[in-house]
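K.L.:
PDB, C-alpha atoms and all ligand atoms, file protein.pdb:
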ATOM      1  CA  MET A   1     -12.031  -3.915   9.640  1.00  0.00           C
ATOM      2  CA  LYS A   2     -10.140  -1.455  11.836  1.00  0.00           C
ATOM      3  CA  LEU A   3      -6.593  -1.889  13.043  1.00  0.00           C
ATOM      4  CA  ASP A   4      -6.033  -2.462  16.727  1.00  0.00           C
ATOM      5  CA  GLU A   5      -3.115  -1.419  18.935  1.00  0.00           C
ATOM      6  CA  LYS A   6      -1.190  -4.600  18.182  1.00  0.00           C
ATOM      7  CA  ASP A   7      -1.421  -4.050  14.407  1.00  0.00           C
ATOM      8  CA  THR A   8      -0.342  -0.443  14.856  1.00  0.00           C
ATOM      9  CA  ALA A   9       2.615  -1.449  17.034  1.00  0.00           C
ATOM     10  CA  ILE A  10       3.769  -3.982  14.422  1.00  0.00           C
ATOM     11  CA  LEU A  11       3.463  -1.423  11.629  1.00  0.00           C
ATOM     12  CA  GLU A  12       5.368   1.194  13.577  1.00  0.00           C
ATOM     13  CA  VAL A  13       8.330  -1.151  13.976  1.00  0.00           C
ATOM     14  CA  LEU A  14       8.275  -2.170  10.296  1.00  0.00           C
ATOM     15  CA  LEU A  15       7.866   1.356   8.962  1.00  0.00           C
ATOM     16  CA  LYS A  16      11.148   2.216  10.660  1.00  0.00           C
ATOM     17  CA  ASP A  17      12.878  -1.033   9.770  1.00  0.00           C
ATOM     18  CA  GLY A  18      11.236  -3.035   7.017  1.00  0.00           C
ATOM     19  CA  ARG A  19      13.842  -5.769   7.352  1.00  0.00           C
ATOM     20  CA  ALA A  20      13.190  -6.479  11.011  1.00  0.00           C
ATOM     21  CA  SER A  21      12.654 -10.213  11.423  1.00  0.00           C
ATOM     22  CA  LEU A  22       9.493 -11.667  12.884  1.00  0.00           C
ATOM     23  CA  ARG A  23      11.384 -12.344  16.099  1.00  0.00           C
ATOM     24  CA  GLU A  24      12.654  -8.776  16.312  1.00  0.00           C
ATOM     25  CA  VAL A  25       9.208  -7.345  15.669  1.00  0.00           C
ATOM     26  CA  ALA A  26       7.783  -9.722  18.258  1.00  0.00           C
ATOM     27  CA  ALA A  27      10.390  -8.687  20.834  1.00  0.00           C
ATOM     28  CA  ARG A  28       9.812  -4.987  20.225  1.00  0.00           C
ATOM     29  CA  THR A  29       6.038  -5.268  20.451  1.00  0.00           C
ATOM     30  CA  SER A  30       5.877  -7.828  23.289  1.00  0.00           C
ATOM     31  CA  LEU A  31       3.924 -10.161  21.021  1.00  0.00           C
ATOM     32  CA  THR A  32       4.775 -13.690  19.935  1.00  0.00           C
ATOM     33  CA  ALA A  33       6.301 -14.351  16.512  1.00  0.00           C
ATOM     34  CA  PRO A  34       3.259 -16.391  15.351  1.00  0.00           C
ATOM     35  CA  THR A  35       0.971 -13.503  16.354  1.00  0.00           C
ATOM     36  CA  VAL A  36       3.109 -11.044  14.390  1.00  0.00           C
ATOM     37  CA  SER A  37       3.164 -13.387  11.411  1.00  0.00           C
ATOM     38  CA  MET A  38      -0.600 -13.921  11.492  1.00  0.00           C
ATOM     39  CA  ARG A  39      -1.316 -10.210  11.758  1.00  0.00           C
ATOM     40  CA  LEU A  40       1.119  -9.340   8.976  1.00  0.00           C
ATOM     41  CA  ALA A  41      -0.540 -11.883   6.721  1.00  0.00           C
ATOM     42  CA  ARG A  42      -3.888 -10.311   7.552  1.00  0.00           C
ATOM     43  CA  MET A  43      -2.648  -6.784   6.849  1.00  0.00           C
ATOM     44  CA  ARG A  44      -1.264  -7.904   3.487  1.00  0.00           C
ATOM     45  CA  ARG A  45      -4.416  -9.713   2.604  1.00  0.00           C
ATOM     46  CA  GLY A  46      -6.506  -6.758   3.789  1.00  0.00           C
ATOM     47  CA  GLY A  47      -4.685  -4.550   1.299  1.00  0.00           C
ATOM     48  CA  LEU A  48      -2.919  -2.300   3.803  1.00  0.00           C
ATOM     49  CA  ILE A  49       0.621  -3.599   3.249  1.00  0.00           C
ATOM     50  CA  ARG A  50       1.401  -3.662  -0.440  1.00  0.00           C
ATOM     51  CA  GLY A  51       4.957  -4.937  -0.119  1.00  0.00           C
ATOM     52  CA  PHE A  52       8.386  -4.309   1.292  1.00  0.00           C
ATOM     53  CA  ALA A  53      10.845  -2.269  -0.727  1.00  0.00           C
ATOM     54  CA  PRO A  54      14.298  -0.801  -0.089  1.00  0.00           C
ATOM     55  CA  VAL A  55      14.434   2.906   0.725  1.00  0.00           C
ATOM     56  CA  LEU A  56      17.176   4.577  -1.310  1.00  0.00           C
ATOM     57  CA  ASP A  57      19.180   7.421   0.139  1.00  0.00           C
ATOM     58  CA  PRO A  58      18.699  10.340  -2.277  1.00  0.00           C
ATOM     59  CA  SER A  59      22.265  11.517  -1.683  1.00  0.00           C
ATOM     60  CA  ALA A  60      23.562   8.179  -2.953  1.00  0.00           C
ATOM     61  CA  SER A  61      21.224   8.065  -5.929  1.00  0.00           C
ATOM     62  CA  PRO A  62      21.197  11.628  -7.237  1.00  0.00           C
ATOM     63  CA  GLN A  63      18.105  12.567  -9.142  1.00  0.00           C
ATOM     64  CA  VAL A  64      16.529  15.818 -10.095  1.00  0.00           C
ATOM     65  CA  ALA A  65      13.138  16.308  -8.542  1.00  0.00           C
ATOM     66  CA  ALA A  66      10.698  18.854  -9.869  1.00  0.00           C
ATOM     67  CA  PHE A  67       7.135  19.882  -9.157  1.00  0.00           C
ATOM     68  CA  VAL A  68       5.089  20.915 -12.155  1.00  0.00           C
ATOM     69  CA  ARG A  69       1.786  22.632 -11.593  1.00  0.00           C
ATOM     70  CA  LEU A  70      -0.747  22.286 -14.382  1.00  0.00           C
ATOM     71  CA  ARG A  71      -4.113  23.688 -15.283  1.00  0.00           C
ATOM     72  CA  VAL A  72      -6.133  21.342 -17.448  1.00  0.00           C
ATOM     73  CA  PRO A  73      -9.826  21.675 -18.325  1.00  0.00           C
ATOM     74  CA  ALA A  74     -11.803  20.345 -15.352  1.00  0.00           C
ATOM     75  CA  GLU A  75     -13.598  17.693 -17.407  1.00  0.00           C
ATOM     76  CA  LYS A  76     -10.244  16.312 -18.572  1.00  0.00           C
ATOM     77  CA  ALA A  77      -8.511  16.307 -15.186  1.00  0.00           C
ATOM     78  CA  GLY A  78      -9.336  12.668 -14.439  1.00  0.00           C
ATOM     79  CA  ALA A  79      -8.065  11.283 -17.737  1.00  0.00           C
ATOM     80  CA  ALA A  80      -5.071  13.638 -17.691  1.00  0.00           C
ATOM     81  CA  SER A  81      -4.008  12.542 -14.222  1.00  0.00           C
ATOM     82  CA  GLU A  82      -4.251   8.871 -15.195  1.00  0.00           C
ATOM     83  CA  ALA A  83      -2.211   9.432 -18.359  1.00  0.00           C
ATOM     84  CA  LEU A  84       0.440  11.305 -16.366  1.00  0.00           C
ATOM     85  CA  ALA A  85       0.538   8.609 -13.691  1.00  0.00           C
ATOM     86  CA  ARG A  86       1.534   6.038 -16.326  1.00  0.00           C
ATOM     87  CA  LEU A  87       4.703   7.931 -17.311  1.00  0.00           C
ATOM     88  CA  PRO A  88       7.834   6.430 -15.764  1.00  0.00           C
ATOM     89  CA  GLU A  89       9.396   9.790 -14.838  1.00  0.00           C
ATOM     90  CA  VAL A  90       6.280  10.799 -12.915  1.00  0.00           C
ATOM     91  CA  GLU A  91       6.567   9.902  -9.227  1.00  0.00           C
ATOM     92  CA  GLY A  92       3.410  11.549  -8.021  1.00  0.00           C
ATOM     93  CA  VAL A  93       0.230  13.060  -9.423  1.00  0.00           C
ATOM     94  CA  TYR A  94      -2.034  15.110  -7.200  1.00  0.00           C
ATOM     95  CA  MET A  95      -5.299  16.882  -7.890  1.00  0.00           C
ATOM     96  CA  THR A  96      -5.232  20.280  -6.277  1.00  0.00           C
ATOM     97  CA  ALA A  97      -7.371  23.317  -5.715  1.00  0.00           C
ATOM     98  CA  GLY A  98      -5.785  26.646  -6.509  1.00  0.00           C
ATOM     99  CA  GLU A  99      -4.183  28.161  -9.552  1.00  0.00           C
ATOM    100  CA  GLY A 100      -3.417  24.756 -10.993  1.00  0.00           C
ATOM    101  CA  ASN A 101      -5.595  21.680 -10.693  1.00  0.00           C
ATOM    102  CA  LEU A 102      -2.902  19.040 -11.112  1.00  0.00           C
ATOM    103  CA  LEU A 103       0.454  18.816  -9.422  1.00  0.00           C
ATOM    104  CA  VAL A 104       3.029  16.434 -10.825  1.00  0.00           C
ATOM    105  CA  ARG A 105       6.170  15.286  -9.075  1.00  0.00           C
ATOM    106  CA  LEU A 106       8.982  14.326 -11.417  1.00  0.00           C
ATOM    107  CA  GLY A 107      12.049  12.263 -10.704  1.00  0.00           C
ATOM    108  CA  VAL A 108      14.565  12.463 -13.554  1.00  0.00           C
ATOM    109  CA  ASP A 109      18.295  12.189 -14.045  1.00  0.00           C
ATOM    110  CA  ASP A 110      19.103  15.768 -14.997  1.00  0.00           C
ATOM    111  CA  LEU A 111      17.693  19.232 -15.618  1.00  0.00           C
ATOM    112  CA  ALA A 112      17.475  18.699 -19.357  1.00  0.00           C
ATOM    113  CA  GLU A 113      14.984  15.926 -18.752  1.00  0.00           C
ATOM    114  CA  VAL A 114      12.724  18.287 -16.821  1.00  0.00           C
ATOM    115  CA  GLU A 115      12.686  20.629 -19.795  1.00  0.00           C
ATOM    116  CA  THR A 116      12.067  17.811 -22.239  1.00  0.00           C
ATOM    117  CA  PHE A 117       9.218  16.560 -20.101  1.00  0.00           C
ATOM    118  CA  VAL A 118       7.534  19.948 -19.929  1.00  0.00           C
ATOM    119  CA  GLU A 119       8.032  20.635 -23.638  1.00  0.00           C
ATOM    120  CA  ASP A 120       7.251  17.207 -25.068  1.00  0.00           C
ATOM    121  CA  ARG A 121       4.774  15.669 -22.729  1.00  0.00           C
ATOM    122  CA  LEU A 122       2.867  18.658 -21.473  1.00  0.00           C
ATOM    123  CA  SER A 123       2.641  21.099 -24.336  1.00  0.00           C
ATOM    124  CA  ALA A 124       1.083  18.687 -26.812  1.00  0.00           C
ATOM    125  CA  PRO A 125      -2.359  18.116 -25.276  1.00  0.00           C
ATOM    126  CA  SER A 126      -4.530  21.072 -26.146  1.00  0.00           C
ATOM    127  CA  GLY A 127      -5.968  23.065 -23.318  1.00  0.00           C
ATOM    128  CA  TRP A 128      -3.222  22.109 -20.854  1.00  0.00           C
ATOM    129  CA  ARG A 129      -1.281  24.952 -19.334  1.00  0.00           C
ATOM    130  CA  VAL A 130       1.881  24.717 -17.263  1.00  0.00           C
ATOM    131  CA  VAL A 131       1.329  27.116 -14.368  1.00  0.00           C
ATOM    132  CA  SER A 132       4.767  26.666 -12.864  1.00  0.00           C
ATOM    133  CA  SER A 133       7.611  24.227 -12.807  1.00  0.00           C
ATOM    134  CA  ASP A 134       9.893  24.220  -9.808  1.00  0.00           C
ATOM    135  CA  VAL A 135      13.094  22.257  -9.642  1.00  0.00           C
ATOM    136  CA  VAL A 136      14.073  21.128  -6.151  1.00  0.00           C
ATOM    137  CA  THR A 137      17.484  22.550  -5.232  1.00  0.00           C
ATOM    138  CA  LYS A 138      17.751  20.952  -1.808  1.00  0.00           C
ATOM    139  CA  SER A 139      15.600  18.373  -0.148  1.00  0.00           C
ATOM    140  CA  ILE A 140      15.195  18.884   3.597  1.00  0.00           C
ATOM    141  CA  LYS A 141      12.758  16.066   4.266  1.00  0.00           C
ATOM    142  CA  ASP A 142      11.470  13.522   1.843  1.00  0.00           C
ATOM    143  CA  ALA A 143      10.074  10.639   3.793  1.00  0.00           C
ATOM    144  CA  SER A 144       7.581   8.159   2.625  1.00  0.00           C
ATOM    145  CA  ARG A 145       4.895   7.336   5.136  1.00  0.00           C
ATOM    146  CA  VAL A 146       6.344   6.574   8.519  1.00  0.00           C
ATOM    147  CA  ARG A 147       3.209   7.188  10.537  1.00  0.00           C
ATOM    148  CA  VAL A 148       0.352   4.742  10.738  1.00  0.00           C
ATOM    149  CA  PRO A 149      -2.743   6.719   9.721  1.00  0.00           C
ATOM    150  CA  ARG A 150      -5.463   6.638  12.344  1.00  0.00           C
ATOM    151  CA  ALA A 151      -8.087   5.741   9.772  1.00  0.00           C
ATOM    152  CA  ALA A 152      -6.144   2.798   8.298  1.00  0.00           C
ATOM    153  CA  SER A 153      -8.359  -0.206   7.799  1.00  0.00           C
ATOM    154  CA  LEU A 154      -8.314  -3.641   6.238  1.00  0.00           C
ATOM    155  CA  LYS A 155     -10.657  -4.670   3.467  1.00  0.00           C
ATOM    156  CA  PHE A 156     -11.544  -8.305   3.009  1.00  0.00           C
ATOM    157  CA  ARG A 157     -13.693 -10.129   0.553  1.00  0.00           C
ATOM    158  CA  CYS A 158     -15.733 -13.090   1.697  1.00  0.00           C
ATOM    159  CA  ASP A 159     -13.881 -16.293   0.829  1.00  0.00           C
ATOM    160  CA  TYR A 160     -17.168 -17.888  -0.148  1.00  0.00           C
ATOM    161  CA  CYS A 161     -19.323 -15.313  -1.957  1.00  0.00           C
ATOM    162  CA  HIS A 162     -16.548 -12.726  -2.664  1.00  0.00           C
ATOM    163  CA  GLN A 163     -18.614  -9.807  -1.438  1.00  0.00           C
ATOM    164  CA  GLU A 164     -16.963  -7.228   0.754  1.00  0.00           C
ATOM    165  CA  VAL A 165     -16.840  -8.148   4.431  1.00  0.00           C
ATOM    166  CA  ARG A 166     -18.268  -5.166   6.285  1.00  0.00           C
ATOM    167  CA  SER A 167     -18.175  -6.315   9.881  1.00  0.00           C
ATOM    168  CA  ASP A 168     -15.357  -5.272  12.201  1.00  0.00           C
ATOM    169  CA  ARG A 169     -15.475  -8.760  13.698  1.00  0.00           C
ATOM    170  CA  PRO A 170     -15.866 -10.938  10.606  1.00  0.00           C
ATOM    171  CA  HIS A 171     -16.766 -14.600  10.708  1.00  0.00           C
ATOM    172  CA  SER A 172     -13.570 -16.522  10.120  1.00  0.00           C
ATOM    173  CA  ILE A 173     -11.905 -19.886   9.978  1.00  0.00           C
ATOM    174  CA  ARG A 174      -8.291 -20.044  11.033  1.00  0.00           C
ATOM    175  CA  VAL A 175      -5.812 -22.692  10.026  1.00  0.00           C
ATOM    176  CA  GLY A 176      -2.440 -21.987  11.599  1.00  0.00           C
ATOM    177  CA  GLN A 177      -1.551 -18.445  10.582  1.00  0.00           C
ATOM    178  CA  THR A 178      -3.916 -18.339   7.622  1.00  0.00           C
ATOM    179  CA  SER A 179      -7.375 -16.918   8.135  1.00  0.00           C
ATOM    180  CA  HIS A 180     -10.390 -17.199   5.902  1.00  0.00           C
ATOM    181  CA  TYR A 181     -12.970 -14.445   6.245  1.00  0.00           C
ATOM    182  CA  PHE A 182     -16.696 -14.533   5.582  1.00  0.00           C
ATOM    183  CA  CYS A 183     -19.438 -11.951   5.331  1.00  0.00           C
ATOM    184  CA  CYS A 184     -21.937 -14.021   7.305  1.00  0.00           C
ATOM    185  CA  SER A 185     -22.319 -17.279   9.181  1.00  0.00           C
ATOM    186  CA  THR A 186     -24.076 -18.903   6.212  1.00  0.00           C
ATOM    187  CA  CYS A 187     -21.045 -18.300   3.974  1.00  0.00           C
ATOM    188  CA  ARG A 188     -18.769 -19.601   6.716  1.00  0.00           C
ATOM    189  CA  LYS A 189     -20.816 -22.780   7.019  1.00  0.00           C
ATOM    190  CA  SER A 190     -21.029 -23.257   3.258  1.00  0.00           C
ATOM    191  CA  TYR A 191     -17.269 -22.816   2.927  1.00  0.00           C
ATOM    192  CA  ALA A 192     -16.598 -25.246   5.770  1.00  0.00           C
ATOM    193  CA  SER A 193     -18.769 -27.936   4.218  1.00  0.00           C
ATOM    194  CA  LYS A 194     -17.338 -27.408   0.725  1.00  0.00           C
ATOM    195  CA  HIS A 195     -13.679 -27.269   1.784  1.00  0.00           C
ATOM    196  CA  GLY A 196     -13.877 -29.334   4.979  1.00  0.00           C
ATOM    197  CA  GLY A 197     -11.461 -31.930   3.625  1.00  0.00           C
ATOM    198  CA  GLU A 198      -8.793 -29.389   2.665  1.00  0.00           C
ATOM    199  CA  LEU A 199      -9.100 -27.568   5.996  1.00  0.00           C
ATOM    200  CA  ALA A 200      -8.729 -30.813   7.930  1.00  0.00           C
ATOM    201  CA  ALA A 201      -5.718 -31.805   5.812  1.00  0.00           C
ATOM    202  CA  ALA A 202      -4.072 -28.405   6.381  1.00  0.00           C
ATOM    203  CA  ARG A 203      -4.657 -28.718  10.136  1.00  0.00           C
ATOM    204  CA  ALA A 204      -3.281 -32.249  10.210  1.00  0.00           C
ATOM    205  CA  LYS A 205      -0.186 -31.092   8.327  1.00  0.00           C
ATOM    206  CA  LEU A 206       0.347 -28.268  10.814  1.00  0.00           C
ATOM    207  CA  ARG A 207       0.063 -30.733  13.704  1.00  0.00           C
ATOM    208  CA  ARG A 208       2.606 -33.041  12.084  1.00  0.00           C
ATOM    209  CA  THR A 209       5.140 -30.217  11.563  1.00  0.00           C
ATOM    210  CA  ALA A 210       4.527 -29.052  15.139  1.00  0.00           C
ATOM    211  CA  LEU A 211       5.335 -32.538  16.434  1.00  0.00           C
ATOM    212  CA  HIS A 212       8.297 -33.096  14.113  1.00  0.00           C
ATOM    213  CA  PRO A 213       9.630 -29.656  13.256  1.00  0.00           C
TER     214      PRO A 213
HETATM  215 ZN    ZN A 301     -20.161 -14.307   1.839  1.00  0.00          ZN
END
Would you kindly transcribe this structure into structure tokens?
P.N.:
Amino acid sequence: MKLDEKDTAILEVLLKDGRASLREVAARTSLTAPTVSMRLARMRRGGLIRGFAPVLDPSASPQVAAFVRLRVPAEKAGAASEALARLPEVEGVYMTAGEGNLLVRLGVDDLAEVETFVEDRLSAPSGWRVVSSDVVTKSIKDASRVRVPRAASLKFRCDYCHQEVRSDRPHSIRVGQTSHYFCCSTCRKSYASKHGGELAAARAKLRRTALHP
């Protein structure tokens, strides 16, 4: 399911200020707070938003960053990259084309740790070769994603049969700000008849809180 302009507008506000309240996001996107809330829930459920985390200023939390380029046998690159990704000091693992085939980004507390990492972690596996290791001396820009990628999309599983929902306009049942998605009208009907009681109860509860907030 593709994002529309409203989703993109919401994301753009939150990528700049992850702590913006629903009301602030709504005001800045000319949407209503319930619309923002419903769309955020959908983007979380669709796997696009993984969470909200603080962004640390590198100058206030000094760390040594280093890029280590590796050449490992092609048939081992997959397993090697997964093993590297599990190490706590590894902040990024990238497969590359060029002299090396893996690029590792390290975040450690001091230079000695870079050396230890290269000597202990990387020299042991046979057939691995360190092509280069570059310690960052000054960071000019180090931003996590602040642009909404054009190809961003949401992936849902059918709430009834759990298969992937492929349609861009999925069958759905909405209760307040929660949406249930279905791959086809049959699944939607089956879900409605199986969970009709719960859906009606949830709707009744919403009506009660709307009347007596
Ligand atoms: Zn289904």
K.L.:
How far is it from CA of Lys138 in chain A to CA of Gly100 in chain A, in Å with one decimal?
P.N.:
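A separation of 23.4 Å between them.
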K.L.:
Under the PyMOL selection byres (((chain A and resi 41-56) around 9) and not hetatm), which residues of this model are included? Write them out as a list of chain:residue names.
P.N.:
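With the shown file as input, the PyMOL selection byres (((chain A and resi 41-56) around 9) and not hetatm) matches A:Met1, A:Leu3, A:Asp7, A:Gly18, A:Arg19, A:Val36, A:Ser37, A:Met38, A:Arg39, A:Leu40, A:Asp57, A:Pro58, A:Ser59, A:Ala60, A:Ser61, A:Ser144, A:Ala152, A:Ser153, A:Leu154, A:Lys155, A:Phe156, A:Arg157, A:Gln177, A:Thr178, A:Ser179.
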K.L.:
Check every protein, DNA and RNA residue against ligand ZN 301 (chain A), keep those with an atom at most 12 Å away (counting all atoms listed in the file), and present them as a list in words.
P.N.:
Phe156, Arg157, Cys158, Asp159, Tyr160, Cys161, His162, Gln163, Glu164, Val165, Arg166, Ser167, Pro170, His171, Ser172, His180, Tyr181, Phe182, Cys183, Cys184, Ser185, Thr186, Cys187, Arg188, Lys189, Ser190 and Tyr191 of chain A
K.L.:
What's around Thr96 in chain A at 12 Å? Count only C-alpha atoms, leave out sequence neighbours fewer than 5 positions away in its own chain, and write the answer as a PyMOL selection string.
P.N.:
chain A and resi 68-72+74+77-78+81+101-104
K.L.:
Report as a VMD selection string the full result of the PyMOL selection byres (((chain A and resi 22) around 12) and not hetatm) when it is applied to this structure.
P.N.:
chain A and resid 10 to 11 13 to 14 17 to 21 23 to 41
K.L.:
What gap, in Å, lies between CA of Val136 in chain A and CA of Val93 in chain A?
P.N.:
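CA of Val93 in chain A lies at a distance of 16.4 Å from CA of Val136 in chain A.
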K.L.:
List as a list in words the protein and nucleic acid residues near range 107-120 of chain A, meaning an atom at most 9 Å away when only C-alpha atoms are counted, but skip any in the same chain fewer than 6 places from it.
P.N.:
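So, after excluding close chain neighbours, the residues are Pro62, Gln63, Val64, Ala65, Ala66, Val68, Pro88, Glu89, Val90, Glu91, Val130, Ser133 and Val135 of chain A.
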K.L.:
CA of Ala200 in chain A to CA of Asp168 in chain A: how many Å, to one decimal?
P.N.:
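Interatomic distance, CA of Ala200 in chain A to CA of Asp168 in chain A: 26.7 Å.
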K.L.:
Could you tell me which residues the PyMOL selection byres (((chain A and resi 127) around 8) and not hetatm) returns for this structure, as JSON, numbers by chain?
P.N.:
{"A": [72, 73, 125, 126, 128, 129]}
K.L.:
Determine the axis-aligned bounding box of all atoms of range 152-169 of chain A present in the file, pad each side by 3 Å, and express its centre and edge lengths in Å to one decimal place as JSON.
P.N.:
{"center_x": -12.7, "center_y": -7.5, "center_z": 5.5, "size_x": 19.2, "size_y": 26.7, "size_z": 22.4}
